[in-house]
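Contents: one structure, followed by commentary.
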Amino acid sequence: MTTVIPAMTAGKKRDNLPWVVLFDLDGTLVDPAGGITGGVEYALRAKGLPVPATSELSKMIGPKLADALVNIAGVPEAQVDGVIAAYRGWYGEQGMAMSQVYPGIRELLTELKNSGVYLAVATQKPEPLAKKLLAHHGIDTLFHTICGSHADETLKPGDPEYRPGKTEIIAAALAHTCAIAALVATPGTELTAVMVGDRYQDVNGAQSNGLGCIGVAWGFAGDGELAAAGATAVVHSTHELAAVLAGTAAGMGADTATGEAGHGAV
């Protein structure tokens with residue numbers, strides 16, 4: 001469930017940066033710009049189901065889609081698969097093209113890569129779709145690992161390959177990317193890592209894996225959501241994010257900012 005880009009090589013590692021930075025996708029790297037909420041609205045109407053208010057639709061960006069349909073939109077479980085199918089059809093034809101990379105993200109990713117940081121995406125979007133979206137925007141090759149949920153969104157708990165939530169997705173992305181970084185790290189090096197995301201699910205998933213999480217305020221979190229969840233910092237621009245990343249290993253404390261994740265030395 002991971003993708004390695006063999007041609008990818010990181011530059012000389014800067015000591016003040018973490019070895020691995022994991023990013024959420026929608027709301028962190030890419031602005032869906034109505035491509036998610038519009039698709040959900042379309043799918044609900046197509047199935048004759050009530051459409052929640054815009055504020056409620058926005059809350060559906062971040063959680064696993066099937067869970068959000070049940071818990072936020074009130075879709076009966078028996079109709080979830082049909083709504084998802086309608087949504088995915090619309091998203092592939094229209095929604096993806098509506099999305100935009102947030103200002104400064106492309107430049108930040110390039111700078112981090114050139115500084116020797118190993119980059120990963122950890123998203124609850126189905127993995128093939130995440131790869132397609134990143135390729136659409138021409139930033140897929142900046143990542144060593146792209147990790148998401150299973151392509152079959154009809155999988156239920158107990159089914160083989162079902163990945164229930166952000167904790168498991170972050171764990172898979174972290175393990176894979178750290179393994180790649182370990183191939184070039186000097187023996188005895190501590191592989192520090194940190195998560196970057198825009199919702200409480202990112203913070204909780206990071207914490208469950210022993211990582212700190214930097215929250216980005218340009219996404220879809222409600223007021224105070226990221227701080228209440230325990231984000232190590234909340235930033236309002238990619239310039240602030242770059243500054244916090246540069247300081248994580250140099251003064252904020254590895255246990256809270258870099259999230260050593262218990263990987264130990266290599």
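How things are named: the first chain in the structure tokens is A, the next is B, and so on; residues count from 1 in each chain; ligands count from 1 in the order shown.
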* Asked: Where in stretch 13-240 of chain A does DSSP assign strand (DSSP E or B), given as a PyMOL selection string?
  -> chain A and resi 20-23+26+30-31+100-101+118-126+145-149+190+193-197+212-216+233-235
Would you export the selected residues with N, CA, C and O atoms as a short mmCIF file (atom, residue, chain, number, x, y, z; two decimals), in the first residue's frame, please?
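Writing done, so here's part-v7.cif:
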data_model
loop_
_atom_site.label_atom_id
_atom_site.label_comp_id
_atom_site.auth_asym_id
_atom_site.auth_seq_id
_atom_site.Cartn_x
_atom_site.Cartn_y
_atom_site.Cartn_z
N VAL A 20 12.20 12.77 8.62
CA VAL A 20 10.98 12.42 7.89
C VAL A 20 9.88 13.41 8.24
O VAL A 20 9.66 13.73 9.42
N VAL A 21 9.19 13.92 7.22
CA VAL A 21 8.01 14.75 7.43
C VAL A 21 6.85 14.10 6.66
O VAL A 21 6.95 13.87 5.46
N LEU A 22 5.78 13.80 7.39
CA LEU A 22 4.59 13.23 6.80
C LEU A 22 3.52 14.31 6.67
O LEU A 22 3.33 15.11 7.59
N PHE A 23 2.84 14.35 5.55
CA PHE A 23 1.81 15.35 5.29
C PHE A 23 0.46 14.70 5.05
O PHE A 23 0.35 13.70 4.34
N ASP A 26 -5.68 16.46 1.66
CA ASP A 26 -6.72 17.48 1.51
C ASP A 26 -6.73 18.40 2.74
O ASP A 26 -6.79 17.95 3.88
N VAL A 30 -3.29 20.25 -0.53
CA VAL A 30 -4.19 20.62 -1.63
C VAL A 30 -5.51 21.15 -1.08
O VAL A 30 -6.10 20.56 -0.17
N ASP A 31 -5.95 22.26 -1.65
CA ASP A 31 -7.27 22.83 -1.33
C ASP A 31 -8.29 22.17 -2.25
O ASP A 31 -8.22 22.34 -3.47
N GLN A 100 -6.66 22.76 -5.91
CA GLN A 100 -5.48 23.61 -6.13
C GLN A 100 -4.45 23.34 -5.03
O GLN A 100 -4.82 23.14 -3.87
N VAL A 101 -3.18 23.33 -5.41
CA VAL A 101 -2.12 23.24 -4.41
C VAL A 101 -2.08 24.55 -3.64
O VAL A 101 -2.13 25.63 -4.24
N TYR A 118 13.09 13.31 4.05
CA TYR A 118 12.31 12.28 3.38
C TYR A 118 10.83 12.58 3.59
O TYR A 118 10.37 12.74 4.72
N LEU A 119 10.09 12.66 2.49
CA LEU A 119 8.72 13.15 2.52
C LEU A 119 7.71 12.04 2.26
O LEU A 119 7.96 11.16 1.42
N ALA A 120 6.59 12.11 2.96
CA ALA A 120 5.54 11.11 2.78
C ALA A 120 4.18 11.78 2.85
O ALA A 120 4.02 12.85 3.45
N VAL A 121 3.20 11.15 2.24
CA VAL A 121 1.80 11.55 2.35
C VAL A 121 1.06 10.46 3.11
O VAL A 121 1.22 9.27 2.82
N ALA A 122 0.28 10.86 4.10
CA ALA A 122 -0.57 9.93 4.86
C ALA A 122 -1.98 10.49 4.83
O ALA A 122 -2.28 11.47 5.51
N THR A 123 -2.86 9.89 4.05
CA THR A 123 -4.19 10.43 3.82
C THR A 123 -5.25 9.34 3.91
O THR A 123 -4.98 8.17 3.61
N GLN A 124 -6.44 9.72 4.31
CA GLN A 124 -7.55 8.77 4.32
C GLN A 124 -8.24 8.67 2.96
O GLN A 124 -9.16 7.86 2.79
N LYS A 125 -7.77 9.44 1.99
CA LYS A 125 -8.25 9.28 0.62
C LYS A 125 -7.76 7.93 0.11
O LYS A 125 -6.65 7.50 0.45
N PRO A 126 -8.53 7.23 -0.71
CA PRO A 126 -8.03 5.97 -1.27
C PRO A 126 -6.68 6.16 -1.94
O PRO A 126 -6.47 7.14 -2.67
N THR A 145 6.98 8.21 -0.21
CA THR A 145 5.87 7.32 0.14
C THR A 145 4.55 8.06 0.01
O THR A 145 4.44 9.20 0.45
N ILE A 146 3.59 7.41 -0.62
CA ILE A 146 2.22 7.93 -0.68
C ILE A 146 1.33 6.84 -0.14
O ILE A 146 1.20 5.77 -0.74
N CYS A 147 0.74 7.08 1.01
CA CYS A 147 0.00 6.03 1.71
C CYS A 147 -1.43 6.51 2.01
O CYS A 147 -1.62 7.61 2.53
N GLY A 148 -2.39 5.69 1.66
CA GLY A 148 -3.78 6.05 1.90
C GLY A 148 -4.60 4.83 2.29
O GLY A 148 -4.06 3.78 2.63
N SER A 149 -5.91 4.97 2.20
CA SER A 149 -6.79 3.84 2.51
C SER A 149 -6.88 2.94 1.29
O SER A 149 -6.42 3.27 0.19
N GLU A 190 19.53 8.90 15.08
CA GLU A 190 18.13 8.86 15.50
C GLU A 190 17.27 9.43 14.38
O GLU A 190 17.47 10.58 13.97
N ALA A 193 10.98 12.32 13.23
CA ALA A 193 9.88 12.47 12.28
C ALA A 193 8.79 13.34 12.88
O ALA A 193 8.67 13.45 14.11
N VAL A 194 7.99 13.95 12.02
CA VAL A 194 6.88 14.79 12.47
C VAL A 194 5.77 14.73 11.44
O VAL A 194 6.02 14.50 10.24
N MET A 195 4.54 14.90 11.88
CA MET A 195 3.36 14.92 11.02
C MET A 195 2.92 16.36 10.82
O MET A 195 3.07 17.20 11.73
N VAL A 196 2.35 16.65 9.65
CA VAL A 196 1.76 17.97 9.38
C VAL A 196 0.34 17.73 8.87
O VAL A 196 0.13 16.97 7.91
N GLY A 197 -0.65 18.37 9.51
CA GLY A 197 -2.02 18.16 9.08
C GLY A 197 -2.94 19.28 9.51
O GLY A 197 -2.53 20.19 10.23
N GLY A 212 4.88 14.08 17.11
CA GLY A 212 4.26 15.38 17.25
C GLY A 212 3.58 15.74 15.94
O GLY A 212 3.89 15.17 14.88
N CYS A 213 2.62 16.64 15.99
CA CYS A 213 1.91 17.07 14.78
C CYS A 213 1.85 18.59 14.74
O CYS A 213 1.39 19.23 15.69
N ILE A 214 2.32 19.16 13.64
CA ILE A 214 2.20 20.59 13.39
C ILE A 214 0.89 20.82 12.66
O ILE A 214 0.65 20.23 11.60
N GLY A 215 0.02 21.65 13.22
CA GLY A 215 -1.26 21.93 12.59
C GLY A 215 -1.16 23.12 11.65
O GLY A 215 -0.46 24.09 11.93
N VAL A 216 -1.87 23.04 10.53
CA VAL A 216 -1.90 24.16 9.58
C VAL A 216 -3.28 24.81 9.63
O VAL A 216 -4.30 24.12 9.55
N ALA A 233 2.34 22.79 17.39
CA ALA A 233 2.33 24.18 16.93
C ALA A 233 1.22 24.30 15.90
O ALA A 233 0.82 23.31 15.29
N VAL A 234 0.70 25.52 15.73
CA VAL A 234 -0.27 25.80 14.67
C VAL A 234 0.29 26.94 13.85
O VAL A 234 0.60 28.01 14.38
N VAL A 235 0.45 26.70 12.55
CA VAL A 235 1.07 27.70 11.67
C VAL A 235 0.04 28.24 10.69
O VAL A 235 -0.94 27.56 10.36
#
* Find the spatial neighbours of stretch 57-60 of chain A, counting only C-alpha atoms, within a cut-off of 12 Å - ignore same-chain residues fewer than 2 positions away - and output them as a PyMOL selection string. => chain A and resi 26-27+31-42+44+50-55+62-74+124-125+198-201+219-222+225
* Asked: Pick from A:Ile61, A:Gly116, A:Glu111, A:Leu129: nearest to A:Gly89, with only C-alpha atoms counted?
  ->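 Looking only at the distances to A:Gly89, the closest residue turns out to be A:Leu129.
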* Asked: Which value, in Å to one decimal, gives the distance between atom CA of A:Asp140 and atom CA of A:Asn204?
  ->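 Computed distance, atom CA of A:Asp140 to atom CA of A:Asn204, equals 25.3 Å.
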* To do: Could you tell me which of A:Leu134, A:Val75, A:Ala227, A:Ile180 comes closest to A:Trp19 if we count only C-alpha atoms?
  =>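 Using only C-alpha atoms, A:Trp19 sits closest to A:Ile180.
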* **DSSP alpha helix (DSSP H) residues within stretch 12-256 of chain A, listed as an MDAnalysis selection string** => chainID A and resid 37:46 54:58 65:71 80:90 96:98 105:114 127:136 166:182 200:208 225:229 238:248
* Shortest interatomic distance to A:Lys13 - which of A:Val83, A:Leu133, A:Val117, A:Ala243, counting only C-alpha atoms ->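 Ranking A:Val83, A:Leu133, A:Val117, A:Ala243 by distance to A:Lys13, first place goes to A:Val117.
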* Any idea what the distance is between atom CA of A:Thr167 and atom CA of A:Val203? -> 9.5 Å
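Going from atom CA of A:Ser237 over to atom CA of A:Leu112, you cover 15.4 Å.
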